[in-house]
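Visitor: Starting off with a structure, shown below.
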Amino acid sequence: MTEEEGNREQGNAQTTMPSASNSSHLSRILRTWWPLAASWGLMALELPAISAVMARLADPQIHLAAWGGIVFPVALIVEAPVIMLLAASTALSRDRQTFQRVRTYMMWAGGSLTALHILVAFTPLYDVLVVGLIHPPPEIVEAARLGLRLMTPWTWSIAYRRFNQGALIRFGHSDAVGVGTVIRLSADAAVLVIGLALGSVPGVMVAGAAVSLGVISEAIYSGLRLRPVLRREMPERTAGGAPLDFRSFLGFYAPLAMTSLLLMLTLPLGSAAVSRMPRALESLATWPALAGLVFFFRALGMSFNEVVVARLEDPGAYPDLRRFTRILAASVTAALALIAVTPLASLWFNGISGLPPDLASLGRVALWAALPLPALTVLQSWYQGALVHARRTRAVTEAIAINLGVLLIFFPVAIRLLGTGASAPMGGLTVTWGAFTLGNLAQTAWLRYRSRGVMAEARARTAAPVIAIATPEVIGG
């Protein structure tokens, strides 16, 4: 064989190898996605399980409304600044020196936000901030106050757990996240079963105790699971790179914290809107069952974000990631639509969630307004994952701000048009979830617009010849 023929044959091998490798991209994407989706799916079962138990205890309408309309949204917004500690710890916990510095920030943030939670739950700030801004029905005010007090350990436990899990993922122990979720749900289930057996404990007390014990258990496990990693795998320090100080950490973390904070603002904003629209108490009581069902299918899309971040740099992965996006978006929409158009909706709202017929009917109608949300979540993960991969996180915050802006414009108009009369043609629950859909549609459109450059770069990498693809390491995956 001449040198020219040999070079031509080698070139042909190099250009044909990507197509052979591309055939495995979808399976690799699936292998990356399904453990994360399983963990998210398990977490999504928490709210429906709690709602189902509360619906079978005394005064279910009051306690469901207190939990879904005040306790859970307020607890989420207090903890919002620490939600992204998972991403921060994954990115920054390279060695023990940096790990300890990030841990200091975590302890400070968790402690400060827990102090804020205590101030809101145990002082007159509750009446000023929660009652004054959300304006809930009077009959749920005290039940919600009790639930918030029981949720005091929530924020610090979440901060500690997500920080530890980020370090575990960094060093290849992502399976610990799933185990922690099982431990959390087991603790939840134990408290819920006891509360259901006793029958005399207020529903919001059972819910608050279950969630608090669950996150505490998961936090303890994450700390214990991380210890051997710190001793055996995490180096004392890594060579190169500037040391992590407060200013550099703040520059990295502030956009992430702002994103989660803006996102969590949509929940109490929705509660405040529902409280000012027709059938407020019934709508708030139905909220947990509807939110739990929708969140389960949205969670399958939320877990795709990390898949895009991890796999977009793979040679030739772009078209398969895009194909997986379309398959997943169509699948979650079809599954939720199947529930909406069949007796499965009644099975969920009447049977599993235990709602009385009037509330179950309200939930079935509102489900249609929320039908596009799971597919929009998949698309958001596709565009957002590409932006995070390219470290253009400002666009993610912009998109959440646009979502929030749509709600701030839509809700006052809806409240003015509908009022609070029980005879209004449409309940507040349906209107509010319709607004969430519109806000998420605007958010998705902005993410798509801002990610055009990143996607173009990914397409260009796919189209270009990839010589390195012929190495045994790449071929073996």
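By order of appearance in the structure tokens: chains A, B, ..., then residues from 1 within every chain, and ligands from 1 in the order shown.
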With only C-alpha atoms as the counted atoms, please give the residues lying no more than 10 Å from Phe99 (chain A), apart from itself and same-chain residues fewer than 5 positions off, as a VMD selection string.
Guide: chain A and resid 89 92 to 94 104 163 to 164 167 230 234 236 to 237 244
Visitor: Produce a file of the selected residues containing all heavy atoms, as a CSV table (one decimal), in the first residue's frame.
Guide:
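See again-v2.csv below for the written result:
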```csv
chain,number,residue,atom,x,y,z
A,89,SER,N,-21.4,23.2,44.8
A,89,SER,CA,-20.5,22.2,45.4
A,89,SER,C,-19.9,21.2,44.4
A,89,SER,O,-18.8,20.9,44.4
A,89,SER,CB,-21.3,21.4,46.5
A,89,SER,OG,-20.4,20.5,47.1
A,92,LEU,N,-17.2,23.3,42.6
A,92,LEU,CA,-16.1,23.9,43.3
A,92,LEU,C,-15.4,23.0,44.3
A,92,LEU,O,-14.3,23.3,44.7
A,92,LEU,CB,-16.6,25.1,44.1
A,92,LEU,CG,-17.2,26.2,43.2
A,92,LEU,CD1,-17.8,27.3,44.1
A,92,LEU,CD2,-16.2,26.8,42.2
A,93,SER,N,-16.0,21.9,44.7
A,93,SER,CA,-15.4,21.0,45.7
A,93,SER,C,-14.3,20.1,45.1
A,93,SER,O,-14.4,18.9,45.2
A,93,SER,CB,-16.5,20.2,46.4
A,93,SER,OG,-17.4,21.0,47.1
A,94,ARG,N,-13.3,20.8,44.7
A,94,ARG,CA,-12.2,20.0,44.0
A,94,ARG,C,-11.2,19.4,45.0
A,94,ARG,O,-10.6,18.4,44.8
A,94,ARG,CB,-11.4,20.9,43.1
A,94,ARG,CG,-12.3,21.5,42.0
A,94,ARG,CD,-11.4,22.4,41.0
A,94,ARG,NE,-10.7,23.4,41.8
A,94,ARG,CZ,-11.2,24.6,42.0
A,94,ARG,NH1,-12.4,25.0,41.5
A,94,ARG,NH2,-10.4,25.5,42.7
A,104,THR,N,-18.1,26.7,54.7
A,104,THR,CA,-18.3,27.9,55.6
A,104,THR,C,-19.4,28.8,55.0
A,104,THR,O,-20.3,29.2,55.8
A,104,THR,CB,-17.0,28.7,55.7
A,104,THR,OG1,-16.0,27.9,56.2
A,104,THR,CG2,-17.2,30.0,56.5
A,163,PHE,N,-25.2,20.5,49.7
A,163,PHE,CA,-23.8,20.8,49.6
A,163,PHE,C,-23.0,19.5,49.6
A,163,PHE,O,-22.1,19.3,48.8
A,163,PHE,CB,-23.4,21.6,50.8
A,163,PHE,CG,-21.9,21.7,51.1
A,163,PHE,CD1,-21.1,22.4,50.3
A,163,PHE,CD2,-21.4,21.0,52.2
A,163,PHE,CE1,-19.7,22.5,50.5
A,163,PHE,CE2,-20.0,21.1,52.4
A,163,PHE,CZ,-19.2,21.8,51.6
A,164,ASN,N,-23.4,18.6,50.5
A,164,ASN,CA,-22.7,17.3,50.6
A,164,ASN,C,-22.9,16.4,49.3
A,164,ASN,O,-22.0,15.8,48.8
A,164,ASN,CB,-23.2,16.5,51.8
A,164,ASN,CG,-22.7,17.0,53.1
A,164,ASN,OD1,-21.7,17.7,53.2
A,164,ASN,ND2,-23.5,16.8,54.2
A,167,ALA,N,-20.6,17.4,46.5
A,167,ALA,CA,-19.2,16.9,46.6
A,167,ALA,C,-19.2,15.4,46.2
A,167,ALA,O,-18.3,14.9,45.6
A,167,ALA,CB,-18.7,17.1,48.0
A,230,LEU,N,-14.0,12.2,51.8
A,230,LEU,CA,-13.1,13.3,52.3
A,230,LEU,C,-11.8,12.7,52.8
A,230,LEU,O,-10.7,13.3,52.5
A,230,LEU,CB,-13.7,14.0,53.5
A,230,LEU,CG,-15.0,14.9,53.2
A,230,LEU,CD1,-15.5,15.5,54.4
A,230,LEU,CD2,-14.6,16.0,52.2
A,234,MET,N,-10.6,12.9,48.3
A,234,MET,CA,-10.5,14.4,48.1
A,234,MET,C,-9.1,14.8,48.5
A,234,MET,O,-8.7,14.7,49.6
A,234,MET,CB,-11.5,15.1,48.9
A,234,MET,CG,-11.6,16.6,48.6
A,234,MET,SD,-12.9,17.5,49.4
A,234,MET,CE,-14.4,16.8,48.7
A,236,GLU,N,-5.9,17.3,49.5
A,236,GLU,CA,-5.8,18.5,50.4
A,236,GLU,C,-6.0,19.8,49.6
A,236,GLU,O,-6.7,20.7,50.0
A,236,GLU,CB,-4.5,18.5,51.1
A,236,GLU,CG,-4.3,19.6,52.1
A,236,GLU,CD,-5.4,19.5,53.2
A,236,GLU,OE1,-5.7,18.4,53.6
A,236,GLU,OE2,-5.8,20.6,53.7
A,237,ARG,N,-5.3,19.9,48.4
A,237,ARG,CA,-5.4,21.0,47.5
A,237,ARG,C,-5.0,20.6,46.1
A,237,ARG,O,-4.3,19.6,46.0
A,237,ARG,CB,-4.6,22.2,48.0
A,237,ARG,CG,-3.1,22.0,48.1
A,237,ARG,CD,-2.4,23.2,48.6
A,237,ARG,NE,-2.8,23.5,50.0
A,237,ARG,CZ,-2.4,24.6,50.6
A,237,ARG,NH1,-1.7,25.5,50.0
A,237,ARG,NH2,-2.8,24.7,51.9
A,244,LEU,N,-10.2,30.3,46.3
A,244,LEU,CA,-11.6,30.7,46.4
A,244,LEU,C,-11.7,31.7,47.6
A,244,LEU,O,-11.6,31.3,48.7
A,244,LEU,CB,-12.5,29.5,46.6
A,244,LEU,CG,-14.0,29.8,46.6
A,244,LEU,CD1,-14.4,30.2,45.2
A,244,LEU,CD2,-14.7,28.6,47.0
```
Visitor: Looking only at alpha helix (DSSP H) from DSSP on the backbone, list the matching residues of region 362-434 of chain A as a VMD selection string.
Guide: chain A and resid 362 to 369 373 to 389 394 to 418 428 to 434
Visitor: Would you save the residues from that selection as a JSON list (two decimals), in the first residue's frame, using C-alpha atoms?
Guide:
```json
[["chain", "number", "residue", "atom", "x", "y", "z"],
["A", 362, "LEU", "CA", -61.93, 21.44, 40.30],
["A", 363, "GLY", "CA", -58.60, 19.62, 39.99],
["A", 364, "ARG", "CA", -59.59, 17.81, 36.79],
["A", 365, "VAL", "CA", -60.52, 21.09, 35.09],
["A", 366, "ALA", "CA", -57.36, 22.88, 36.23],
["A", 367, "LEU", "CA", -55.23, 19.97, 35.01],
["A", 368, "TRP", "CA", -55.96, 21.00, 31.43],
["A", 369, "ALA", "CA", -54.47, 24.43, 32.05],
["A", 373, "LEU", "CA", -45.94, 22.44, 31.57],
["A", 374, "PRO", "CA", -44.05, 19.09, 31.48],
["A", 375, "ALA", "CA", -43.07, 19.54, 27.81],
["A", 376, "LEU", "CA", -42.05, 23.16, 28.44],
["A", 377, "THR", "CA", -39.87, 21.94, 31.30],
["A", 378, "VAL", "CA", -38.08, 19.50, 28.99],
["A", 379, "LEU", "CA", -37.41, 22.28, 26.49],
["A", 380, "GLN", "CA", -36.20, 24.57, 29.28],
["A", 381, "SER", "CA", -33.72, 21.91, 30.39],
["A", 382, "TRP", "CA", -32.49, 21.56, 26.80],
["A", 383, "TYR", "CA", -31.84, 25.27, 26.30],
["A", 384, "GLN", "CA", -30.82, 25.98, 29.90],
["A", 385, "GLY", "CA", -28.44, 23.02, 30.00],
["A", 386, "ALA", "CA", -26.71, 24.32, 26.89],
["A", 387, "LEU", "CA", -26.34, 27.77, 28.44],
["A", 388, "VAL", "CA", -24.97, 26.39, 31.71],
["A", 389, "HIS", "CA", -22.58, 24.18, 29.75],
["A", 394, "ARG", "CA", -27.12, 35.21, 33.12],
["A", 395, "ALA", "CA", -29.57, 34.22, 30.39],
["A", 396, "VAL", "CA", -31.12, 31.64, 32.75],
["A", 397, "THR", "CA", -31.83, 34.36, 35.32],
["A", 398, "GLU", "CA", -33.27, 36.59, 32.60],
["A", 399, "ALA", "CA", -35.67, 33.85, 31.53],
["A", 400, "ILE", "CA", -36.93, 33.28, 35.08],
["A", 401, "ALA", "CA", -37.41, 37.05, 35.47],
["A", 402, "ILE", "CA", -39.52, 37.11, 32.30],
["A", 403, "ASN", "CA", -41.65, 34.26, 33.64],
["A", 404, "LEU", "CA", -42.19, 36.19, 36.87],
["A", 405, "GLY", "CA", -42.96, 39.37, 34.91],
["A", 406, "VAL", "CA", -45.72, 37.60, 32.96],
["A", 407, "LEU", "CA", -47.31, 36.51, 36.24],
["A", 408, "LEU", "CA", -47.06, 39.99, 37.74],
["A", 409, "ILE", "CA", -48.92, 41.39, 34.72],
["A", 410, "PHE", "CA", -51.43, 38.57, 34.36],
["A", 411, "PHE", "CA", -52.58, 38.09, 37.96],
["A", 412, "PRO", "CA", -53.82, 41.64, 38.69],
["A", 413, "VAL", "CA", -55.80, 41.61, 35.45],
["A", 414, "ALA", "CA", -57.33, 38.20, 36.25],
["A", 415, "ILE", "CA", -58.19, 39.26, 39.81],
["A", 416, "ARG", "CA", -59.87, 42.42, 38.55],
["A", 417, "LEU", "CA", -61.88, 40.57, 35.90],
["A", 418, "LEU", "CA", -62.93, 37.62, 38.05],
["A", 428, "GLY", "CA", -58.93, 30.73, 40.58],
["A", 429, "LEU", "CA", -57.07, 27.41, 40.43],
["A", 430, "THR", "CA", -57.55, 27.02, 36.67],
["A", 431, "VAL", "CA", -56.68, 30.65, 35.98],
["A", 432, "THR", "CA", -53.53, 30.49, 38.11],
["A", 433, "TRP", "CA", -52.18, 27.35, 36.47],
["A", 434, "GLY", "CA", -53.00, 28.81, 33.09]]
```
Visitor: So that I can check the surroundings of Ala143 (chain A), please list as number ranges by chain every protein, DNA and RNA residue that reaches within 7 Å of it, counting only C-alpha atoms and ignoring chain neighbours fewer than 5 positions away.
Guide: A: 63, 66, 204
Visitor: When you count only C-alpha atoms, which of these residues is closest to Pro235 (chain A): A:Ala144, A:Phe122, A:Gln97, A:Arg276?
Guide: A:Gln97
Visitor: Give the answer as one residue: which of A:Gly178, A:Gly203, A:Pro343, A:Gly316 has the shortest atom-to-atom distance to Pro35 (chain A), using only C-alpha atoms?
Guide: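 Checking each candidate against Pro35 (chain A), we get A:Gly178 as the closest.
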